[in-house]
Amino acid sequence: MLTMVLLALTVAFQLPRRAMRNKVFGRARWLMAGGLALIAAQFLLQYIGGYRQMGVTQAVFWNLIFFIPCTVTINLALLYVQQKGRIALLNWCFGPVLYVIALIQLVATALADGIPFEQESQALRIAEYVGSGLLLLIQSHYFLSLYKGYRRMQRAVDEYFDHERKDLLGWMGRSVTMLAVITLFVPVVIFQEGWMLSAFACTFFAIIYYCASCFHSYGISQDLQRVEEAEAIMEENDGDTTLSDEDLQRVEQAIEKWVEAGNYRKSNLTLTIVANEMDVQRYLLKAWLQKSEYGRLTQWLNHLRVEEAQRLMKEHPGWSVDAVADQCGFSLSSFHRVFRQYTGMTPSHFQRSCAKS
């Protein structure tokens with residue numbers, strides 16, 4: 001309970017000025033903090049009321065009343081960031097409406113079946129199964145929306161940067177997946193007792209903590225701005241890949257000069273940086289890439305860099321793999337993976353084969 005309270009306060013208030021000025025994240029954080037506060041309230045109520053000691057049915061009743069809106073608000077916080085605050089009305093309403101339905105049928109059943117709340121009630125148990133099903137339906141809907149948004153954001157990042165940046169959005173993909181997976185077990189596990197329930201509770205807590213802490217770290221870092229920049233470029237002239245013969249000739253001449261100068265060996269390039277160095281419009285370079293065999297900046301630069309790495313290892317057999325990677329603009333972590341992807345062998349294996357020949 002205290003951990004959730006502290007995490008909610010951190011998400012809501014411990015932000016640098018640049019994060020506060022970002023209107024999208026500034027508003028989304030309140031949704032995330034609200035979801036965390038609901039979990040803390042549920043833990044507090046369970047502790048004060050002792051509902052788990054009363055019985056499974058009583059504990060599940062309060063779990064659903066608090067966990068469903070918690071799930072809704074956390075999903076909406078992620079959606080708010082993904083869609084830059086432009087959440088469709090369906091997504092705004094889907095979770096809250098189904099929660100109201102679940103809440104009404106739970107409370108109505110508890111009041112109407114004539115059995116004291118402290119005693120086990122078969123009617124209330126059935127109502128809780130229905131509520132669990134509604135929670136599963138809510139999470140399924142949000143998972144589809146969130147995963148679609150995550151894939152769009154990742155595509156924008158892949159098209160914009162000169163190498164794969166899974167570090168920017170990996171937390172989001174993992175959070176979306178884990179939230180969906182843990183929800184699948186809710187209709188079964190929350191009615192259990194003993195070690196299974198304890199394991200589920202710890203797992204649920206860990207996933208929520210991971211999701212919220214990564215959300216906060218993403219908002220206060222530069223990653224949010226980097227992803228938004230990549231998305232803005234993707235949306236700019238999105239779908240317009242028409243190149244006139246004159247534009248095509250100008251872009252290809254600029255590319256040829258840029259490649260001859262060896263500028264592709266620089267690290268941390270982006271579509272904007274490359275277009276500026278070539279002195280061509282960004283959308284023209286993007287259109288050329290989309291029509292080429294490479295498709296996006298990452299693939300094109302990897303192709304050029306791998307070719308350069310092969311040349312260097314042939315001409316300088318004494319160079320270390322680290323030196324070759326640095327000279328070609330690769331990070332060491334990605335060099336081995338990309339080189340093997342393009343050549344079918346590791347850099348060290350390639351060096352040895354060059355030495356034998």
# chains A, B, ... in the order shown; residues from 1 in each chain; ligands from 1
call {"tool": "residues_around", "arguments": {"residues": "A:Leu285", "least_positions_apart": "2", "cutoff": "9 Å", "atoms": "only C-alpha atoms", "output": "PDB file with C-alpha atoms, in the first residue's frame"}}
result
ATOM      1  CA  VAL A 251      18.096  13.206 -54.396  1.00  0.00           C
ATOM      2  CA  ILE A 255      23.005  10.706 -51.846  1.00  0.00           C
ATOM      3  CA  LEU A 271      16.425  11.175 -40.980  1.00  0.00           C
ATOM      4  CA  VAL A 274      20.943  13.043 -42.985  1.00  0.00           C
ATOM      5  CA  ALA A 275      18.528  15.171 -45.035  1.00  0.00           C
ATOM      6  CA  VAL A 280      17.453  17.926 -49.580  1.00  0.00           C
ATOM      7  CA  GLN A 281      13.955  18.042 -48.178  1.00  0.00           C
ATOM      8  CA  ARG A 282      13.324  15.424 -45.552  1.00  0.00           C
ATOM      9  CA  TYR A 283      10.198  14.057 -47.227  1.00  0.00           C
ATOM     10  CA  ALA A 287      10.225   8.938 -50.332  1.00  0.00           C
ATOM     11  CA  TRP A 288      13.463   7.699 -51.929  1.00  0.00           C
ATOM     12  CA  LEU A 289      14.038   5.265 -49.082  1.00  0.00           C
ATOM     13  CA  GLN A 290      10.487   3.917 -49.296  1.00  0.00           C
TER      14      GLN A 290
END
call {"tool": "closest_atom_pairs", "arguments": {"of": "stretch 17-83 of chain A", "to": "stretch 163-181 of chain A", "cutoff": "10 Å", "atoms": "only C-alpha atoms", "output": "JSON lines"}}
result
{"residue": "A:Thr71", "atom": "CA", "partner": "A:Leu179", "partner_atom": "CA", "distance": 8.5}
{"residue": "A:Ile74", "atom": "CA", "partner": "A:Leu179", "partner_atom": "CA", "distance": 9.7}
{"residue": "A:Asn75", "atom": "CA", "partner": "A:Val176", "partner_atom": "CA", "distance": 8.3}
{"residue": "A:Leu78", "atom": "CA", "partner": "A:Met172", "partner_atom": "CA", "distance": 8.2}
{"residue": "A:Gln82", "atom": "CA", "partner": "A:Met172", "partner_atom": "CA", "distance": 9.7}
call {"tool": "residues_around", "arguments": {"residues": "stretch 137-139 of chain A", "least_positions_apart": "5", "cutoff": "9 Å", "atoms": "only C-alpha atoms", "output": "list in words"}}
result
Ile68, Thr71, Val72, Asn75, Phe94, Gly95, Leu98, Tyr99, Ser132, Leu144, Leu179, Ala180, Thr183 and Leu184 of chain A
call {"tool": "write_last_selection", "arguments": {"atoms": "C-alpha atoms", "output": "PDB file, in the first residue's frame"}}
result
ATOM      1  CA  ILE A  68     -11.350  -2.701 -12.760  1.00  0.00           C
ATOM      2  CA  THR A  71      -6.921  -1.255 -15.024  1.00  0.00           C
ATOM      3  CA  VAL A  72      -9.003   1.234 -17.024  1.00  0.00           C
ATOM      4  CA  ASN A  75      -4.606   1.656 -19.921  1.00  0.00           C
ATOM      5  CA  PHE A  94     -15.544   1.479 -23.274  1.00  0.00           C
ATOM      6  CA  GLY A  95     -13.851   0.786 -19.951  1.00  0.00           C
ATOM      7  CA  LEU A  98     -18.403  -1.692 -18.608  1.00  0.00           C
ATOM      8  CA  TYR A  99     -17.129  -0.865 -15.129  1.00  0.00           C
ATOM      9  CA  SER A 132     -14.282 -10.881 -13.948  1.00  0.00           C
ATOM     10  CA  LEU A 144      -5.669  -4.347 -29.143  1.00  0.00           C
ATOM     11  CA  LEU A 179      -1.075  -6.353 -18.437  1.00  0.00           C
ATOM     12  CA  ALA A 180      -2.977  -8.479 -20.945  1.00  0.00           C
ATOM     13  CA  THR A 183      -5.668 -10.226 -16.757  1.00  0.00           C
ATOM     14  CA  LEU A 184      -6.235 -13.593 -18.429  1.00  0.00           C
TER      15      LEU A 184
END
call {"tool": "residues_around", "arguments": {"residues": "A:Phe13", "least_positions_apart": "2", "cutoff": "12 Å", "atoms": "only C-alpha atoms", "output": "ChimeraX atom specification"}}
result
/A:6-11,15-17,19-20,26-27,29-30,32-33,216,220
call {"tool": "select_by_dssp", "arguments": {"residues": "stretch 29-272 of chain A", "states": "alpha helix (DSSP H)", "output": "ChimeraX atom specification"}}
result
/A:29-49,51-54,56-82,89-112,122-160,166-184,186-189,195-220,223-235,245-260,271-272
call {"tool": "decode", "arguments": {"residues": "stretch 211-227 of chain A", "atoms": "all heavy atoms", "output": "PDB file, in the first residue's frame"}}
result
ATOM      1  N   CYS A 211       5.202  -1.167 -14.865  1.00  0.00           N
ATOM      2  CA  CYS A 211       4.520  -0.316 -15.840  1.00  0.00           C
ATOM      3  C   CYS A 211       4.559   1.153 -15.412  1.00  0.00           C
ATOM      4  O   CYS A 211       4.893   2.034 -16.205  1.00  0.00           O
ATOM      5  CB  CYS A 211       3.080  -0.794 -16.008  1.00  0.00           C
ATOM      6  SG  CYS A 211       2.109   0.190 -17.172  1.00  0.00           S
ATOM      7  N   ALA A 212       4.231   1.428 -14.154  1.00  0.00           N
ATOM      8  CA  ALA A 212       4.167   2.802 -13.671  1.00  0.00           C
ATOM      9  C   ALA A 212       5.548   3.438 -13.577  1.00  0.00           C
ATOM     10  O   ALA A 212       5.732   4.612 -13.948  1.00  0.00           O
ATOM     11  CB  ALA A 212       3.485   2.843 -12.312  1.00  0.00           C
ATOM     12  N   SER A 213       6.538   2.690 -13.098  1.00  0.00           N
ATOM     13  CA  SER A 213       7.881   3.253 -12.969  1.00  0.00           C
ATOM     14  C   SER A 213       8.502   3.530 -14.334  1.00  0.00           C
ATOM     15  O   SER A 213       9.166   4.561 -14.529  1.00  0.00           O
ATOM     16  CB  SER A 213       8.780   2.315 -12.158  1.00  0.00           C
ATOM     17  OG  SER A 213       8.867   1.037 -12.761  1.00  0.00           O
ATOM     18  N   CYS A 214       8.278   2.644 -15.306  1.00  0.00           N
ATOM     19  CA  CYS A 214       8.790   2.872 -16.666  1.00  0.00           C
ATOM     20  C   CYS A 214       8.065   4.042 -17.323  1.00  0.00           C
ATOM     21  O   CYS A 214       8.678   4.831 -18.055  1.00  0.00           O
ATOM     22  CB  CYS A 214       8.626   1.616 -17.513  1.00  0.00           C
ATOM     23  SG  CYS A 214       9.741   0.268 -17.070  1.00  0.00           S
ATOM     24  N   PHE A 215       6.773   4.152 -17.081  1.00  0.00           N
ATOM     25  CA  PHE A 215       5.989   5.278 -17.599  1.00  0.00           C
ATOM     26  C   PHE A 215       6.573   6.595 -17.087  1.00  0.00           C
ATOM     27  O   PHE A 215       6.759   7.550 -17.840  1.00  0.00           O
ATOM     28  CB  PHE A 215       4.542   5.126 -17.154  1.00  0.00           C
ATOM     29  CG  PHE A 215       3.642   6.279 -17.489  1.00  0.00           C
ATOM     30  CD1 PHE A 215       3.006   6.349 -18.723  1.00  0.00           C
ATOM     31  CD2 PHE A 215       3.419   7.293 -16.570  1.00  0.00           C
ATOM     32  CE1 PHE A 215       2.171   7.407 -19.030  1.00  0.00           C
ATOM     33  CE2 PHE A 215       2.582   8.351 -16.861  1.00  0.00           C
ATOM     34  CZ  PHE A 215       1.961   8.422 -18.101  1.00  0.00           C
ATOM     35  N   HIS A 216       6.890   6.641 -15.801  1.00  0.00           N
ATOM     36  CA  HIS A 216       7.466   7.846 -15.208  1.00  0.00           C
ATOM     37  C   HIS A 216       8.852   8.139 -15.785  1.00  0.00           C
ATOM     38  O   HIS A 216       9.159   9.283 -16.160  1.00  0.00           O
ATOM     39  CB  HIS A 216       7.559   7.681 -13.694  1.00  0.00           C
ATOM     40  CG  HIS A 216       8.154   8.842 -12.985  1.00  0.00           C
ATOM     41  ND1 HIS A 216       9.458   8.842 -12.542  1.00  0.00           N
ATOM     42  CD2 HIS A 216       7.649  10.062 -12.661  1.00  0.00           C
ATOM     43  CE1 HIS A 216       9.728   9.997 -11.969  1.00  0.00           C
ATOM     44  NE2 HIS A 216       8.650  10.751 -12.019  1.00  0.00           N
ATOM     45  N   SER A 217       9.685   7.111 -15.888  1.00  0.00           N
ATOM     46  CA  SER A 217      11.032   7.290 -16.442  1.00  0.00           C
ATOM     47  C   SER A 217      10.982   7.769 -17.888  1.00  0.00           C
ATOM     48  O   SER A 217      11.784   8.613 -18.301  1.00  0.00           O
ATOM     49  CB  SER A 217      11.813   5.971 -16.352  1.00  0.00           C
ATOM     50  OG  SER A 217      11.949   5.555 -15.010  1.00  0.00           O
ATOM     51  N   TYR A 218      10.043   7.234 -18.654  1.00  0.00           N
ATOM     52  CA  TYR A 218       9.882   7.641 -20.055  1.00  0.00           C
ATOM     53  C   TYR A 218       9.505   9.113 -20.141  1.00  0.00           C
ATOM     54  O   TYR A 218      10.028   9.851 -20.981  1.00  0.00           O
ATOM     55  CB  TYR A 218       8.791   6.781 -20.685  1.00  0.00           C
ATOM     56  CG  TYR A 218       8.456   7.110 -22.123  1.00  0.00           C
ATOM     57  CD1 TYR A 218       9.339   6.803 -23.145  1.00  0.00           C
ATOM     58  CD2 TYR A 218       7.236   7.697 -22.459  1.00  0.00           C
ATOM     59  CE1 TYR A 218       9.023   7.083 -24.465  1.00  0.00           C
ATOM     60  CE2 TYR A 218       6.912   7.981 -23.768  1.00  0.00           C
ATOM     61  CZ  TYR A 218       7.809   7.674 -24.780  1.00  0.00           C
ATOM     62  OH  TYR A 218       7.489   7.965 -26.085  1.00  0.00           O
ATOM     63  N   GLY A 219       8.618   9.550 -19.268  1.00  0.00           N
ATOM     64  CA  GLY A 219       8.154  10.929 -19.322  1.00  0.00           C
ATOM     65  C   GLY A 219       9.191  11.953 -18.914  1.00  0.00           C
ATOM     66  O   GLY A 219       9.209  13.071 -19.438  1.00  0.00           O
ATOM     67  N   ILE A 220      10.077  11.598 -17.983  1.00  0.00           N
ATOM     68  CA  ILE A 220      11.061  12.574 -17.508  1.00  0.00           C
ATOM     69  C   ILE A 220      12.368  12.510 -18.288  1.00  0.00           C
ATOM     70  O   ILE A 220      13.246  13.352 -18.100  1.00  0.00           O
ATOM     71  CB  ILE A 220      11.360  12.370 -16.006  1.00  0.00           C
ATOM     72  CG1 ILE A 220      12.042  11.029 -15.760  1.00  0.00           C
ATOM     73  CG2 ILE A 220      10.079  12.487 -15.186  1.00  0.00           C
ATOM     74  CD1 ILE A 220      12.459  10.809 -14.322  1.00  0.00           C
ATOM     75  N   SER A 221      12.511  11.520 -19.163  1.00  0.00           N
ATOM     76  CA  SER A 221      13.721  11.410 -19.977  1.00  0.00           C
ATOM     77  C   SER A 221      13.520  12.140 -21.306  1.00  0.00           C
ATOM     78  O   SER A 221      12.460  12.691 -21.579  1.00  0.00           O
ATOM     79  CB  SER A 221      14.055   9.937 -20.227  1.00  0.00           C
ATOM     80  OG  SER A 221      13.098   9.361 -21.095  1.00  0.00           O
ATOM     81  N   GLN A 222      14.563  12.075 -22.129  1.00  0.00           N
ATOM     82  CA  GLN A 222      14.472  12.649 -23.466  1.00  0.00           C
ATOM     83  C   GLN A 222      13.795  11.700 -24.452  1.00  0.00           C
ATOM     84  O   GLN A 222      13.545  12.080 -25.597  1.00  0.00           O
ATOM     85  CB  GLN A 222      15.885  12.999 -23.979  1.00  0.00           C
ATOM     86  CG  GLN A 222      16.607  14.045 -23.161  1.00  0.00           C
ATOM     87  CD  GLN A 222      15.969  15.425 -23.296  1.00  0.00           C
ATOM     88  OE1 GLN A 222      15.254  15.689 -24.262  1.00  0.00           O
ATOM     89  NE2 GLN A 222      16.222  16.293 -22.336  1.00  0.00           N
ATOM     90  N   ASP A 223      13.503  10.473 -24.010  1.00  0.00           N
ATOM     91  CA  ASP A 223      12.926   9.489 -24.929  1.00  0.00           C
ATOM     92  C   ASP A 223      11.575   9.931 -25.472  1.00  0.00           C
ATOM     93  O   ASP A 223      11.248   9.682 -26.631  1.00  0.00           O
ATOM     94  CB  ASP A 223      12.777   8.138 -24.229  1.00  0.00           C
ATOM     95  CG  ASP A 223      14.123   7.504 -23.915  1.00  0.00           C
ATOM     96  OD1 ASP A 223      15.143   8.007 -24.424  1.00  0.00           O
ATOM     97  OD2 ASP A 223      14.157   6.506 -23.166  1.00  0.00           O
ATOM     98  N   LEU A 224      10.783  10.576 -24.622  1.00  0.00           N
ATOM     99  CA  LEU A 224       9.465  11.033 -25.058  1.00  0.00           C
ATOM    100  C   LEU A 224       9.589  12.000 -26.221  1.00  0.00           C
ATOM    101  O   LEU A 224       8.866  11.886 -27.221  1.00  0.00           O
ATOM    102  CB  LEU A 224       8.728  11.700 -23.891  1.00  0.00           C
ATOM    103  CG  LEU A 224       7.344  12.282 -24.191  1.00  0.00           C
ATOM    104  CD1 LEU A 224       6.393  11.195 -24.657  1.00  0.00           C
ATOM    105  CD2 LEU A 224       6.779  12.973 -22.949  1.00  0.00           C
ATOM    106  N   GLN A 225      10.524  12.944 -26.134  1.00  0.00           N
ATOM    107  CA  GLN A 225      10.718  13.908 -27.212  1.00  0.00           C
ATOM    108  C   GLN A 225      11.258  13.235 -28.469  1.00  0.00           C
ATOM    109  O   GLN A 225      10.865  13.580 -29.594  1.00  0.00           O
ATOM    110  CB  GLN A 225      11.684  15.012 -26.760  1.00  0.00           C
ATOM    111  CG  GLN A 225      11.098  16.015 -25.776  1.00  0.00           C
ATOM    112  CD  GLN A 225      10.913  15.442 -24.386  1.00  0.00           C
ATOM    113  OE1 GLN A 225      11.659  14.545 -23.969  1.00  0.00           O
ATOM    114  NE2 GLN A 225       9.932  15.926 -23.657  1.00  0.00           N
ATOM    115  N   ARG A 226      12.138  12.252 -28.290  1.00  0.00           N
ATOM    116  CA  ARG A 226      12.705  11.551 -29.452  1.00  0.00           C
ATOM    117  C   ARG A 226      11.617  10.796 -30.215  1.00  0.00           C
ATOM    118  O   ARG A 226      11.578  10.827 -31.449  1.00  0.00           O
ATOM    119  CB  ARG A 226      13.794  10.582 -28.984  1.00  0.00           C
ATOM    120  CG  ARG A 226      15.023  11.263 -28.395  1.00  0.00           C
ATOM    121  CD  ARG A 226      16.127  10.234 -28.134  1.00  0.00           C
ATOM    122  NE  ARG A 226      17.298  10.859 -27.551  1.00  0.00           N
ATOM    123  CZ  ARG A 226      17.649  10.765 -26.275  1.00  0.00           C
ATOM    124  NH1 ARG A 226      16.888  10.066 -25.438  1.00  0.00           N
ATOM    125  NH2 ARG A 226      18.738  11.343 -25.823  1.00  0.00           N
ATOM    126  N   VAL A 227      10.752  10.120 -29.486  1.00  0.00           N
ATOM    127  CA  VAL A 227       9.685   9.358 -30.133  1.00  0.00           C
ATOM    128  C   VAL A 227       8.691  10.299 -30.802  1.00  0.00           C
ATOM    129  O   VAL A 227       8.237  10.046 -31.925  1.00  0.00           O
ATOM    130  CB  VAL A 227       8.972   8.448 -29.114  1.00  0.00           C
ATOM    131  CG1 VAL A 227       7.751   7.777 -29.747  1.00  0.00           C
ATOM    132  CG2 VAL A 227       9.927   7.389 -28.582  1.00  0.00           C
TER     133      VAL A 227
END
